[in-house]
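Shown next: start-v6.tsv, containing TSV, C-alpha atoms and all ligand atoms.
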```tsv
chain	number	residue	atom	x	y	z
D	1	MET	CA	18.74	-31.21	27.06
D	2	ASN	CA	18.99	-28.14	29.27
D	3	PRO	CA	16.43	-25.67	27.84
D	4	GLU	CA	19.09	-22.94	27.92
D	5	THR	CA	21.18	-24.86	25.38
D	6	VAL	CA	18.31	-24.97	22.84
D	7	LEU	CA	19.30	-22.70	20.01
D	8	ALA	CA	16.85	-20.35	18.35
D	9	ARG	CA	15.46	-21.62	15.07
D	10	ILE	CA	16.86	-19.91	11.99
D	11	ASN	CA	14.22	-19.20	9.35
D	12	VAL	CA	14.99	-19.67	5.70
D	13	MET	CA	13.69	-16.20	4.88
D	14	GLN	CA	11.86	-13.37	6.59
D	15	PRO	CA	10.86	-9.84	5.63
D	16	TRP	CA	12.61	-6.72	6.86
D	17	PHE	CA	10.17	-4.14	8.18
D	18	GLY	CA	10.71	-1.08	10.37
D	19	ALA	CA	9.01	2.00	11.74
D	20	ASP	CA	8.57	3.46	8.24
D	21	GLU	CA	6.21	0.68	7.17
D	22	ALA	CA	4.21	0.94	10.42
D	23	ARG	CA	3.92	4.73	9.99
D	24	ALA	CA	2.92	4.39	6.34
D	25	LEU	CA	0.17	1.91	7.24
D	26	ALA	CA	-1.13	4.12	10.06
D	27	GLU	CA	-1.35	7.08	7.68
D	28	VAL	CA	-3.42	5.10	5.19
D	29	VAL	CA	-5.75	3.88	7.91
D	30	ALA	CA	-6.19	7.43	9.20
D	31	SER	CA	-6.92	8.71	5.67
D	32	GLY	CA	-9.92	6.39	5.38
D	33	TRP	CA	-8.94	5.37	1.81
D	34	VAL	CA	-7.61	1.83	2.03
D	35	ALA	CA	-8.60	0.31	-1.34
D	36	GLN	CA	-6.67	0.94	-4.57
D	37	GLY	CA	-6.11	4.69	-4.73
D	38	PRO	CA	-3.40	7.35	-4.50
D	39	LYS	CA	-0.83	5.17	-2.73
D	40	VAL	CA	-1.05	2.54	-5.47
D	41	LYS	CA	-0.47	5.27	-8.06
D	42	HIS	CA	2.52	6.55	-6.09
D	43	PHE	CA	4.01	3.06	-5.69
D	44	GLU	CA	3.59	2.40	-9.41
D	45	ALA	CA	5.37	5.66	-10.28
D	46	ASN	CA	8.29	4.90	-7.92
D	47	PHE	CA	8.58	1.32	-9.13
D	48	GLY	CA	8.52	2.33	-12.80
D	49	THR	CA	11.24	4.95	-12.26
D	50	ALA	CA	13.42	2.49	-10.33
D	51	HIS	CA	13.06	-0.06	-13.13
D	52	GLU	CA	13.51	2.30	-16.06
D	53	VAL	CA	10.10	1.56	-17.56
D	54	PRO	CA	7.36	4.08	-18.36
D	55	HIS	CA	4.43	1.93	-17.18
D	56	ALA	CA	3.97	-0.03	-13.96
D	57	VAL	CA	0.61	-1.58	-13.08
D	58	ALA	CA	0.21	-2.87	-9.51
D	59	THR	CA	-1.74	-6.10	-8.98
D	60	SER	CA	-2.85	-8.37	-6.17
D	61	SER	CA	-0.05	-10.87	-6.89
D	62	CYS	CA	2.60	-11.78	-9.43
D	63	THR	CA	0.38	-14.63	-10.61
D	64	ALA	CA	-2.31	-12.04	-11.41
D	65	ALA	CA	0.29	-9.93	-13.24
D	66	LEU	CA	1.37	-12.99	-15.25
D	67	HIS	CA	-2.24	-13.67	-16.18
D	68	LEU	CA	-2.76	-10.05	-17.28
D	69	ALA	CA	0.52	-10.05	-19.23
D	70	LEU	CA	-0.63	-13.04	-21.26
D	71	VAL	CA	-4.07	-11.53	-21.86
D	72	VAL	CA	-2.75	-8.16	-23.06
D	73	ALA	CA	-0.20	-9.91	-25.28
D	74	GLY	CA	-3.15	-11.68	-26.95
D	75	ILE	CA	-2.18	-15.22	-25.92
D	76	GLY	CA	-5.02	-17.75	-25.86
D	77	HIS	CA	-6.43	-21.03	-27.15
D	78	GLY	CA	-4.24	-22.77	-29.73
D	79	ASP	CA	-1.08	-20.92	-28.66
D	80	ASP	CA	2.02	-22.46	-27.13
D	81	VAL	CA	4.03	-20.61	-24.48
D	82	VAL	CA	7.51	-21.82	-23.59
D	83	VAL	CA	8.17	-21.77	-19.84
D	84	PRO	CA	11.12	-23.14	-17.87
D	85	SER	CA	10.28	-26.33	-16.05
D	86	LEU	CA	12.46	-25.10	-13.20
D	87	ALA	CA	10.17	-22.34	-11.97
D	88	PHE	CA	7.41	-21.88	-9.45
D	89	ILE	CA	4.24	-23.55	-10.73
D	90	ALA	CA	2.35	-20.23	-11.09
D	91	VAL	CA	4.24	-19.62	-14.35
D	92	ALA	CA	2.77	-22.65	-16.12
D	93	ASN	CA	-0.57	-22.12	-14.39
D	94	ALA	CA	-0.98	-18.60	-15.80
D	95	VAL	CA	-0.47	-19.99	-19.31
D	96	THR	CA	-3.15	-22.59	-18.60
D	97	TYR	CA	-5.57	-19.89	-17.32
D	98	VAL	CA	-5.66	-18.26	-20.78
D	99	GLY	CA	-6.26	-21.60	-22.52
D	100	ALA	CA	-2.78	-21.80	-24.04
D	101	ARG	CA	-0.38	-24.73	-23.68
D	102	PRO	CA	2.69	-24.40	-21.47
D	103	VAL	CA	5.64	-26.10	-23.18
D	104	PHE	CA	8.37	-26.77	-20.67
D	105	CYS	CA	11.97	-26.05	-21.57
D	106	ASP	CA	15.19	-27.01	-19.84
D	107	VAL	CA	17.63	-24.73	-18.02
D	108	GLU	CA	21.40	-24.36	-18.04
D	109	PRO	CA	23.13	-25.62	-14.92
D	110	SER	CA	25.19	-22.67	-13.73
D	111	THR	CA	22.22	-20.34	-13.17
D	112	GLY	CA	19.14	-22.57	-13.30
D	113	ASN	CA	17.74	-20.25	-15.98
D	114	ALA	CA	16.41	-20.90	-19.47
D	115	THR	CA	18.67	-19.81	-22.34
D	116	ALA	CA	18.17	-19.16	-26.05
D	117	GLU	CA	19.35	-22.74	-26.69
D	118	THR	CA	16.99	-24.42	-24.22
D	119	ILE	CA	14.10	-22.27	-25.48
D	120	ARG	CA	14.90	-23.03	-29.12
D	121	ALA	CA	14.65	-26.76	-28.36
D	122	ALA	CA	11.08	-26.24	-27.09
D	123	LEU	CA	9.73	-23.99	-29.89
D	124	THR	CA	6.79	-25.22	-31.92
D	125	LEU	CA	4.98	-23.76	-34.89
D	126	ASP	CA	2.39	-22.43	-32.41
D	127	THR	CA	4.80	-20.69	-30.00
D	128	ARG	CA	3.53	-17.13	-29.49
D	129	ALA	CA	5.24	-16.23	-26.23
D	130	VAL	CA	8.08	-17.20	-23.96
D	131	ILE	CA	8.13	-16.61	-20.21
D	132	VAL	CA	11.69	-16.41	-18.92
D	133	VAL	CA	12.33	-16.46	-15.18
D	134	ASP	CA	15.12	-14.77	-13.22
D	135	GLN	CA	15.23	-17.82	-11.00
D	136	GLY	CA	15.97	-17.00	-7.36
D	137	GLY	CA	16.98	-13.48	-8.47
D	138	ILE	CA	19.64	-14.49	-11.01
D	139	PRO	CA	19.18	-12.39	-14.16
D	140	VAL	CA	18.39	-14.40	-17.26
D	141	ASP	CA	20.68	-13.76	-20.27
D	142	LEU	CA	17.98	-11.90	-22.16
D	143	ASP	CA	19.73	-10.53	-25.28
D	144	PRO	CA	20.17	-13.87	-27.12
D	145	ILE	CA	16.61	-14.83	-26.10
D	146	ARG	CA	15.27	-11.55	-27.50
D	147	GLU	CA	17.17	-12.11	-30.72
D	148	LEU	CA	15.67	-15.58	-31.11
D	149	CYS	CA	12.15	-14.46	-30.21
D	150	ASP	CA	12.21	-11.29	-32.34
D	151	ARG	CA	13.13	-13.43	-35.35
D	152	HIS	CA	10.00	-15.52	-34.81
D	153	GLU	CA	7.70	-12.69	-33.60
D	154	ILE	CA	7.41	-14.27	-30.17
D	155	THR	CA	6.50	-12.07	-27.19
D	156	VAL	CA	9.03	-12.15	-24.35
D	157	ILE	CA	7.60	-11.97	-20.84
D	158	GLU	CA	10.18	-11.78	-18.05
D	159	ASP	CA	9.07	-13.21	-14.74
D	160	ALA	CA	11.17	-11.14	-12.37
D	161	ALA	CA	9.07	-12.25	-9.37
D	162	SER	CA	12.19	-12.68	-7.23
D	163	ALA	CA	14.56	-10.31	-9.01
D	164	VAL	CA	13.84	-6.82	-7.72
D	165	GLY	CA	17.30	-5.27	-7.28
D	166	SER	CA	19.03	-7.63	-9.76
D	167	TYR	CA	20.84	-6.20	-12.80
D	168	TYR	CA	21.37	-7.38	-16.37
D	169	LYS	CA	24.29	-5.77	-18.17
D	170	GLY	CA	24.15	-2.80	-15.82
D	171	ARG	CA	20.41	-2.16	-16.07
D	172	PRO	CA	17.59	-3.34	-13.80
D	173	VAL	CA	16.18	-6.68	-14.94
D	174	GLY	CA	12.89	-6.52	-16.80
D	175	THR	CA	13.67	-3.47	-18.94
D	176	GLY	CA	14.54	-5.52	-22.02
D	177	ALA	CA	11.38	-7.67	-22.10
D	178	ASP	CA	8.05	-6.85	-23.76
D	179	LEU	CA	6.43	-7.29	-20.36
D	180	ALA	CA	7.87	-8.03	-16.94
D	181	VAL	CA	6.10	-9.21	-13.79
D	182	TRP	CA	7.13	-8.95	-10.14
D	183	SER	CA	6.07	-10.42	-6.81
D	184	PHE	CA	5.79	-8.75	-3.40
D	185	HIS	CA	5.18	-11.97	-1.50
D	186	PRO	CA	7.05	-12.10	1.85
D	187	SER	CA	9.62	-14.48	0.34
D	188	GLU	CA	10.83	-11.64	-1.90
D	189	LEU	CA	13.08	-8.70	-0.92
D	190	VAL	CA	10.39	-6.03	-1.29
D	191	THR	CA	7.12	-7.23	0.20
D	192	THR	CA	3.62	-5.88	0.61
D	193	GLY	CA	2.29	-9.04	2.25
D	194	GLU	CA	0.85	-10.16	-1.07
D	195	GLY	CA	1.09	-8.17	-4.26
D	196	GLY	CA	2.53	-7.92	-7.73
D	197	MET	CA	3.43	-5.55	-10.56
D	198	LEU	CA	3.37	-5.62	-14.34
D	199	THR	CA	5.81	-3.36	-16.19
D	200	THR	CA	5.99	-2.60	-19.90
D	201	HIS	CA	7.13	0.01	-22.40
D	202	ARG	CA	3.82	-0.27	-24.30
D	203	THR	CA	1.19	2.31	-23.41
D	204	ASP	CA	-1.68	0.28	-24.91
D	205	TRP	CA	-0.82	-2.87	-22.97
D	206	ALA	CA	-0.44	-0.94	-19.72
D	207	ALA	CA	-3.80	0.78	-20.21
D	208	ARG	CA	-5.55	-2.52	-20.91
D	209	ALA	CA	-3.90	-4.26	-17.93
D	210	ARG	CA	-4.98	-1.35	-15.71
D	211	MET	CA	-8.55	-1.74	-16.88
D	212	LEU	CA	-8.62	-5.56	-16.72
D	213	ARG	CA	-7.35	-5.61	-13.12
D	214	GLU	CA	-10.41	-3.61	-12.12
D	215	HIS	CA	-13.22	-5.69	-13.68
D	216	SER	CA	-12.62	-3.79	-16.98
D	217	ARG	CA	-14.56	-0.88	-15.62
D	218	GLY	CA	-14.61	2.09	-17.97
D	219	LEU	CA	-13.69	4.40	-15.08
D	220	ALA	CA	-11.28	3.47	-12.30
D	221	ASN	CA	-12.80	3.23	-8.83
D	222	VAL	CA	-11.06	6.37	-7.62
D	223	GLU	CA	-12.38	8.37	-10.61
D	224	LEU	CA	-15.91	7.01	-10.06
D	225	GLN	CA	-15.85	8.24	-6.46
D	226	GLU	CA	-14.79	11.70	-7.54
D	227	ALA	CA	-17.33	12.15	-10.38
D	228	GLU	CA	-20.53	14.04	-9.55
D	229	PRO	CA	-23.12	12.95	-10.37
D	230	PRO	CA	-21.70	9.43	-10.63
D	231	PRO	CA	-21.67	8.10	-14.19
D	232	PRO	CA	-23.22	4.70	-14.99
D	233	ASP	CA	-20.98	1.66	-14.55
D	234	VAL	CA	-19.67	0.40	-17.89
D	235	PHE	CA	-17.72	-2.86	-18.16
D	236	LEU	CA	-15.89	-2.95	-21.46
D	237	GLU	CA	-14.86	-6.63	-21.44
D	238	ILE	CA	-14.65	-9.50	-18.98
D	239	GLY	CA	-12.15	-8.42	-16.37
D	240	PHE	CA	-10.80	-9.50	-13.01
D	241	ASN	CA	-10.39	-8.20	-9.50
D	242	TYR	CA	-6.61	-8.04	-9.39
D	243	ARG	CA	-6.32	-4.77	-7.46
D	244	MET	CA	-3.66	-3.93	-4.92
D	245	THR	CA	-4.83	-1.99	-1.84
D	246	ASP	CA	-3.45	1.35	-0.68
D	247	LEU	CA	-2.45	-0.41	2.56
D	248	GLN	CA	-0.17	-2.70	0.57
D	249	ALA	CA	1.13	0.07	-1.67
D	250	ALA	CA	2.07	2.27	1.31
D	251	VAL	CA	4.21	-0.57	2.65
D	252	GLY	CA	5.64	-1.11	-0.83
D	253	ILE	CA	6.74	2.54	-1.09
D	254	ALA	CA	8.61	2.26	2.22
D	255	GLN	CA	10.11	-1.11	1.26
D	256	LEU	CA	11.34	0.15	-2.10
D	257	ARG	CA	13.32	2.85	-0.29
D	258	ARG	CA	15.21	0.08	1.54
D	259	LEU	CA	15.99	-1.93	-1.59
D	260	ALA	CA	19.64	-0.88	-2.05
D	261	GLN	CA	20.36	-1.67	1.61
D	262	MET	CA	18.59	-5.01	1.30
D	263	VAL	CA	20.66	-6.06	-1.71
D	264	ALA	CA	23.92	-4.88	-0.12
D	265	ARG	CA	23.26	-6.89	3.06
D	266	ARG	CA	22.35	-10.02	1.08
D	267	ARG	CA	25.54	-9.73	-0.91
D	268	GLU	CA	27.50	-9.57	2.38
D	269	ILE	CA	25.76	-12.71	3.64
D	270	ALA	CA	26.40	-14.46	0.32
D	271	ALA	CA	30.09	-13.55	0.57
D	272	ALA	CA	30.20	-15.03	4.09
D	273	TYR	CA	28.60	-18.27	2.87
D	274	CYS	CA	31.07	-18.42	-0.03
D	275	ALA	CA	34.02	-17.86	2.32
D	276	GLY	CA	32.76	-20.57	4.68
D	277	LEU	CA	31.58	-23.17	2.18
D	278	GLY	CA	33.31	-22.38	-1.12
D	279	SER	CA	36.05	-24.97	-0.72
D	280	THR	CA	33.81	-27.78	0.61
D	281	LYS	CA	34.16	-30.86	-1.58
D	282	GLY	CA	30.95	-31.77	-3.37
D	283	LEU	CA	29.19	-28.43	-3.02
D	284	ARG	CA	28.54	-25.85	-5.73
D	285	LEU	CA	27.34	-22.42	-4.64
D	286	VAL	CA	25.15	-19.91	-6.43
D	287	SER	CA	27.04	-16.91	-7.81
D	288	ASP	CA	26.62	-13.92	-10.10
D	289	PRO	CA	26.41	-14.87	-13.77
D	290	PRO	CA	28.86	-13.22	-16.23
D	291	HIS	CA	26.09	-10.98	-17.60
D	292	GLY	CA	24.80	-9.40	-14.39
D	293	THR	CA	24.32	-9.41	-10.65
D	294	THR	CA	21.82	-11.28	-8.52
D	295	ASN	CA	19.99	-9.84	-5.51
D	296	PHE	CA	20.50	-13.22	-3.77
D	297	GLN	CA	16.77	-13.62	-3.18
D	298	SER	CA	17.75	-17.28	-2.76
D	299	PHE	CA	21.13	-18.57	-1.72
D	300	TRP	CA	21.26	-22.12	-3.05
D	301	ILE	CA	23.88	-24.83	-2.88
D	302	GLU	CA	24.03	-27.85	-5.15
D	303	VAL	CA	24.82	-31.07	-3.28
D	304	GLN	CA	26.92	-33.12	-5.71
D	305	PRO	CA	27.61	-36.87	-5.54
D	306	GLU	CA	31.11	-36.16	-4.07
D	307	PHE	CA	29.55	-34.64	-0.95
D	308	ALA	CA	29.70	-36.97	2.04
D	309	ILE	CA	25.91	-37.31	2.40
D	310	SER	CA	22.90	-36.93	0.14
D	311	ARG	CA	20.81	-33.79	-0.28
D	312	GLU	CA	17.96	-35.36	1.70
D	313	VAL	CA	20.21	-36.35	4.61
D	314	LEU	CA	21.80	-32.89	4.65
D	315	LEU	CA	18.32	-31.34	4.75
D	316	SER	CA	17.43	-33.40	7.80
D	317	ARG	CA	20.76	-32.52	9.48
D	318	LEU	CA	19.95	-28.86	8.97
D	319	ALA	CA	16.42	-29.36	10.29
D	320	ASP	CA	17.80	-31.19	13.37
D	321	ALA	CA	20.07	-28.20	13.98
D	322	GLY	CA	17.07	-25.84	13.89
D	323	ILE	CA	17.98	-24.42	10.50
D	324	GLY	CA	15.07	-23.80	8.15
D	325	ALA	CA	16.65	-24.76	4.83
D	326	THR	CA	14.40	-25.95	1.99
D	327	ARG	CA	14.72	-27.88	-1.26
D	328	GLY	CA	15.39	-25.69	-4.28
D	329	VAL	CA	12.57	-24.96	-6.69
D	330	GLY	CA	10.99	-28.05	-8.28
D	331	ALA	CA	10.53	-29.09	-11.90
D	332	GLY	CA	7.00	-28.18	-13.03
D	333	HIS	CA	6.70	-31.01	-15.55
D	334	ARG	CA	6.92	-33.54	-12.72
D	335	GLN	CA	4.06	-32.04	-10.70
D	336	PRO	CA	0.82	-34.06	-10.69
D	337	ALA	CA	-1.03	-31.06	-12.11
D	338	TYR	CA	1.03	-31.26	-15.32
D	339	ARG	CA	2.15	-34.84	-15.36
D	340	TRP	CA	-0.58	-36.11	-17.62
D	341	ARG	CA	-0.93	-33.05	-19.80
D	342	ASP	CA	0.62	-32.59	-23.19
D	343	THR	CA	3.42	-30.12	-22.47
D	344	GLY	CA	5.80	-30.83	-25.35
D	345	ASN	CA	8.67	-33.25	-25.50
D	346	ALA	CA	11.72	-31.16	-24.71
D	347	ARG	CA	14.42	-32.91	-22.71
D	348	LEU	CA	14.41	-31.57	-19.18
D	349	GLN	CA	17.30	-33.41	-17.57
D	350	ARG	CA	19.07	-30.36	-16.20
D	351	ALA	CA	15.92	-29.01	-14.59
D	352	GLU	CA	15.43	-32.40	-12.94
D	353	LEU	CA	19.03	-32.56	-11.72
D	354	PHE	CA	18.79	-29.03	-10.34
D	355	ALA	CA	15.48	-29.78	-8.60
D	356	ASP	CA	16.93	-32.95	-7.07
D	357	SER	CA	20.23	-31.58	-5.84
D	358	THR	CA	19.76	-28.03	-4.55
D	359	ILE	CA	19.11	-26.65	-1.08
D	360	VAL	CA	18.14	-23.06	-0.29
D	361	LEU	CA	19.95	-21.75	2.79
D	362	PRO	CA	18.70	-19.06	5.19
D	363	MET	CA	18.98	-15.62	3.62
D	364	TYR	CA	17.35	-12.50	4.98
D	365	HIS	CA	18.37	-8.99	5.93
D	366	GLU	CA	18.65	-9.51	9.67
D	367	LEU	CA	20.46	-12.85	9.55
D	368	ASP	CA	23.36	-12.34	11.97
D	369	THR	CA	26.93	-13.62	11.89
D	370	ILE	CA	26.33	-16.20	14.64
D	371	SER	CA	23.48	-17.72	12.63
D	372	ILE	CA	25.46	-17.65	9.38
D	373	ASN	CA	28.32	-19.48	11.11
D	374	ARG	CA	25.90	-22.01	12.57
D	375	VAL	CA	24.66	-22.82	9.07
D	376	ILE	CA	28.21	-23.05	7.70
D	377	ASN	CA	29.44	-25.24	10.55
D	378	THR	CA	26.47	-27.61	10.32
D	379	ILE	CA	27.11	-28.13	6.61
D	380	ARG	CA	30.89	-28.43	7.00
D	381	THR	CA	30.50	-30.99	9.79
D	382	ALA	CA	28.10	-32.98	7.60
D	383	GLY	CA	30.51	-32.67	4.65
D	384	ASN	CA	33.34	-34.12	6.75
D	385	GLY	CA	31.22	-37.20	7.25
D	386	VAL	CA	30.81	-36.51	10.97
D	387	GLY	CA	27.73	-38.19	12.42
D	388	ARG	CA	27.13	-40.26	9.28
M	401	LIG	C1	8.95	-17.18	-10.76
M	401	LIG	C2	7.70	-16.93	-9.97
M	401	LIG	N1	6.60	-16.49	-10.61
M	401	LIG	C3	5.46	-16.25	-9.94
M	401	LIG	C4	5.36	-16.45	-8.59
M	401	LIG	C5	4.05	-16.20	-7.89
M	401	LIG	O1	4.11	-15.02	-7.16
M	401	LIG	P1	2.84	-14.56	-6.28
M	401	LIG	O2	2.87	-15.38	-5.05
M	401	LIG	O3	3.11	-13.10	-6.00
M	401	LIG	O4	1.63	-14.77	-7.10
M	401	LIG	C6	6.47	-16.89	-7.89
M	401	LIG	C7	6.40	-17.12	-6.44
M	401	LIG	O5	7.28	-17.62	-5.81
M	401	LIG	C8	7.69	-17.15	-8.59
M	401	LIG	O6	8.78	-17.61	-7.98
```

Using the file provided, produce a representation of the structure as C-alpha cells.
Amino acid sequence: MNPETVLARINVMQPWFGADEARALAEVVASGWVAQGPKVKHFEANFGTAHEVPHAVATSSCTAALHLALVVAGIGHGDDVVVPSLAFIAVANAVTYVGARPVFCDVEPSTGNATAETIRAALTLDTRAVIVVDQGGIPVDLDPIRELCDRHEITVIEDAASAVGSYYKGRPVGTGADLAVWSFHPSELVTTGEGGMLTTHRTDWAARARMLREHSRGLANVELQEAEPPPPDVFLEIGFNYRMTDLQAAVGIAQLRRLAQMVARRREIAAAYCAGLGSTKGLRLVSDPPHGTTNFQSFWIEVQPEFAISREVLLSRLADAGIGATRGVGAGHRQPAYRWRDTGNARLQRAELFADSTIVLPMYHELDTISINRVINTIRTAGNGVGR
C-alpha cells in the first residue's frame, strides 16, 4: 500500500488538555509546593460546589476513594456488599480490601446499570452496603435503590468514576448517595493523570477520610509544615497514603472548567453516531435513560444476533481499519480473581450478555467529523455483509 494512503489510527479515547493545564502545572512547579497542599484544597472546593455536596476529599485514585468510603462507612469482616458484576474490577476489589464479601448483582439491559430489583435479588442478611455504578457515565436510577436500602439500613455508595458531568433528575450524579467516588484517570472526561475524589454530605465521614488518606496523621502535612516548633507526629489509627499531589490538583482545576464544553462536544459526537448507525439492523446504541443524562464517557453499541457479523469479527474489522474500539466492560464474576470465591448466587445473565455483545467506539473531545464518519462507514459496511 502507498504509505500516503495509510490512514491515521483513531484512538478509543484521549484526554483534552490545553494551555491552561500547562500553565497551571508550571505555576505549581515554580511555587515549590508540589505535594498535597493548597491546590488540592482548591480543587476539592470547586469539585464539591460543582457537585452540590459540602465535602470533597481528593485521593490518589478512585480505587483509593472506594476503599476509604467503605472504611468510613464501617464495612468490614462478616459484611456483604452488593456490587454490579458489570463494572470495572476495582469495585469488587475495594470490598475485598476491607475483608467484606462482594456479592455480585445483575444489571438491566437498557443502561447496563444495577436497579432496585437486581440489587434486591442479591441482598443477604449480612448486606451492609451497596455500591452502585453509573456505568460508562449513565446515571443509575438512584431513588428506588435508596428507598430499598434505607428500609434495610444499607449504606449506598455511588461509584461515579466515569460520570462527572452526568445528571440524575436534573442534579449532578452522586448527590443522592451516602458517599460517592470519582476517577480522574485519563479514560474519564476530567483527568489529572491519576486521581480520585470522595464526596459526602457527612462531616464526620469526610474528616475521617481526610485523615485516613494521609496515614491517619493527627495534623495534615501542610499544617505540620506551618507549625513552629513542629509538634510530634501522632498517628491516630492505621491509615494509608492516598494523597493527591498539587500538580494533579492544578490540572484538575483547569479540567473542571472545561467540563461543560467536554460534555456538549461528546453529546454532539453521540448524536452523529446515532444519525449514522441508529437504523443499522442488529445494532443497539447507548442513549440517555428516562431519569437523566449521560456524559457519554463511553459510547457503546450492542451487537445483536441480527447483525451480519459477530461482535468479535466486527472488532477485528475495526482494528483492521485503524479504529481503536474495545470490548465493553466485562462481568466481574467471570474474572479468575473472583471465579472461585463465594460471591453469592444471584443470576447474572444480563451482565454476561452485555459483556459479550458490546463494543465501545472512539469518543473524545477532539474526535473530528472525518474520523466519526470513518467509524460509521466501517460498521455500516460490515453490517451490510460486505467483506464477510
Ligand atoms: C466504575 C469504576 N470504578 C473504579 C474505577 C477505578 O478508577 P481508578 O483507576 O481511578 O482507580 C474505574 C476505572 O475505570 C471504574 O470504571

### Task
Residues within 10 Å of ligand LIG 401 (chain M) should be enumerated using all atoms listed in the file and returned as a PyMOL selection string.
chain D and resi 59-67+84+86-94+131-137+158-163+181-188+191-197+329

Using only C-alpha atoms, which residues of range 104-142 of chain D come within 10 Å of range 265-286 of chain D, and what is the closest atom pair for each, with the distance in Å to one decimal? Give it as CSV, sorted by chain and residue number.
```
residue,atom,partner,partner_atom,distance
D:Ser110,CA,D:Val286,CA,7.8
D:Thr111,CA,D:Val286,CA,7.4
D:Gly112,CA,D:Val286,CA,9.5
D:Gly136,CA,D:Val286,CA,9.7
D:Ile138,CA,D:Val286,CA,9.0
```

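Using all atoms listed in the file, the shortest contact distance between Arg171 in chain D and any of D:Leu314, D:Gln335, D:Asn11, D:Ala50 is found at D:Ala50.
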
### Task
Do a neighbour search on Glu108 in chain D at 8 Å with only C-alpha atoms, toss out local chain neighbours closer than 4 positions, and write the hits as a ChimeraX atom specification.
/D:112-115,118,350-351

#### Entry: Test item: residues at most 12 Å from Asp150 in chain D, all atoms listed in the file, excluding those fewer than 5 positions along its chain, as an NGL selection string
:D and (116 or 128-130 or 142-145 or 155-156 or 177-178)

### Query
So which residues touch range 198-205 of chain D within 7 Å, counting only C-alpha atoms, skipping near sequence neighbours fewer than 4 positions away, as a list in words?
Val53, Pro54, His55, Ala56, Val57, Ala58, Ala65, Val72, Asp178, Leu179, Ala180, Val181, Trp182 and Ala209 of chain D

### Message
From the options D:Gly74, D:Pro172, D:Gly32, D:Gly328, which residue's atoms come nearest to Glu302 in chain D, counting only C-alpha atoms?
### Response
D:Gly328

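Going from CA of Arg213 in chain D to CA of Glu27 in chain D covers 25.1 Å.
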
Would you compute, for all listed atoms of range 172-190 of chain D, the axis-aligned bounding box grown by 4 Å on each side, and then report its centre and edge lengths in Å rounded to one decimal, as AutoDock Vina command-line options?
```
--center_x 11.4 --center_y -8.9 --center_z -11.0 --size_x 20.4 --size_y 19.1 --size_z 33.6
```

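The residue that comes closest to Ala308 in chain D, out of D:Gly78, D:His42, D:Asn384, D:Thr175 and on the basis of only C-alpha atoms, is D:Asn384.
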
## Note on the structure
What separates CA of Cys105 in chain D and CA of Gln297 in chain D is a distance of 22.7 Å

### Message
List as a list in words the protein and nucleic acid residues near Phe17 in chain D, meaning an atom at most 12 Å away when only C-alpha atoms are counted, but skip any in the same chain fewer than 4 places from it.
### Response
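Counting only C-alpha atoms, the residues come to Glu21, Ala22, Arg23, Ala24, Leu25, Pro186, Leu189, Val190, Thr191, Thr192, Gly193, Val251, Gly252, Ile253, Ala254, Gln255, Leu256, Arg257, Arg258, Leu259, Met262, Tyr364, His365 and Glu366 of chain D.
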
With C-alpha atoms retained, export the selected residues as a compact mmCIF listing (two decimals), keeping the file's coordinate frame.
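result-v6.txt, freshly written:
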```txt
# COMPACT_ATOMS: atom_id res chain seq x y z
CA GLU D 21 6.21 0.68 7.17
CA ALA D 22 4.21 0.94 10.42
CA ARG D 23 3.92 4.73 9.99
CA ALA D 24 2.92 4.39 6.34
CA LEU D 25 0.17 1.91 7.24
CA PRO D 186 7.05 -12.10 1.85
CA LEU D 189 13.08 -8.70 -0.92
CA VAL D 190 10.39 -6.03 -1.29
CA THR D 191 7.12 -7.23 0.20
CA THR D 192 3.62 -5.88 0.61
CA GLY D 193 2.29 -9.04 2.25
CA VAL D 251 4.21 -0.57 2.65
CA GLY D 252 5.64 -1.11 -0.83
CA ILE D 253 6.74 2.54 -1.09
CA ALA D 254 8.61 2.26 2.22
CA GLN D 255 10.11 -1.11 1.26
CA LEU D 256 11.34 0.15 -2.10
CA ARG D 257 13.32 2.85 -0.29
CA ARG D 258 15.21 0.08 1.54
CA LEU D 259 15.99 -1.93 -1.59
CA MET D 262 18.59 -5.01 1.30
CA TYR D 364 17.35 -12.50 4.98
CA HIS D 365 18.37 -8.99 5.93
CA GLU D 366 18.65 -9.51 9.67
```

### Query
Please, what distance in Å, to one decimal, runs between CA of His333 in chain D and CA of Ser85 in chain D?
5.9 Å

Please identify all polymer residues within 9 Å of His291 in chain D, counting only C-alpha atoms, omitting same-chain residues fewer than 5 positions from it, and present them as a CSV table (one decimal) with C-alpha atoms, keeping the file's coordinate frame.
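Writing done, so here's out.csv:
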```csv
chain,number,residue,atom,x,y,z
D,139,PRO,CA,19.2,-12.4,-14.2
D,140,VAL,CA,18.4,-14.4,-17.3
D,141,ASP,CA,20.7,-13.8,-20.3
D,167,TYR,CA,20.8,-6.2,-12.8
D,168,TYR,CA,21.4,-7.4,-16.4
D,169,LYS,CA,24.3,-5.8,-18.2
D,170,GLY,CA,24.2,-2.8,-15.8
```

### Query
Smallest atom-to-atom distance to Ala346 in chain D: which of D:Ser316, D:Gln261, D:Thr124, D:Thr245, using only C-alpha atoms?
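Smallest distance to Ala346 in chain D is found for D:Thr124.
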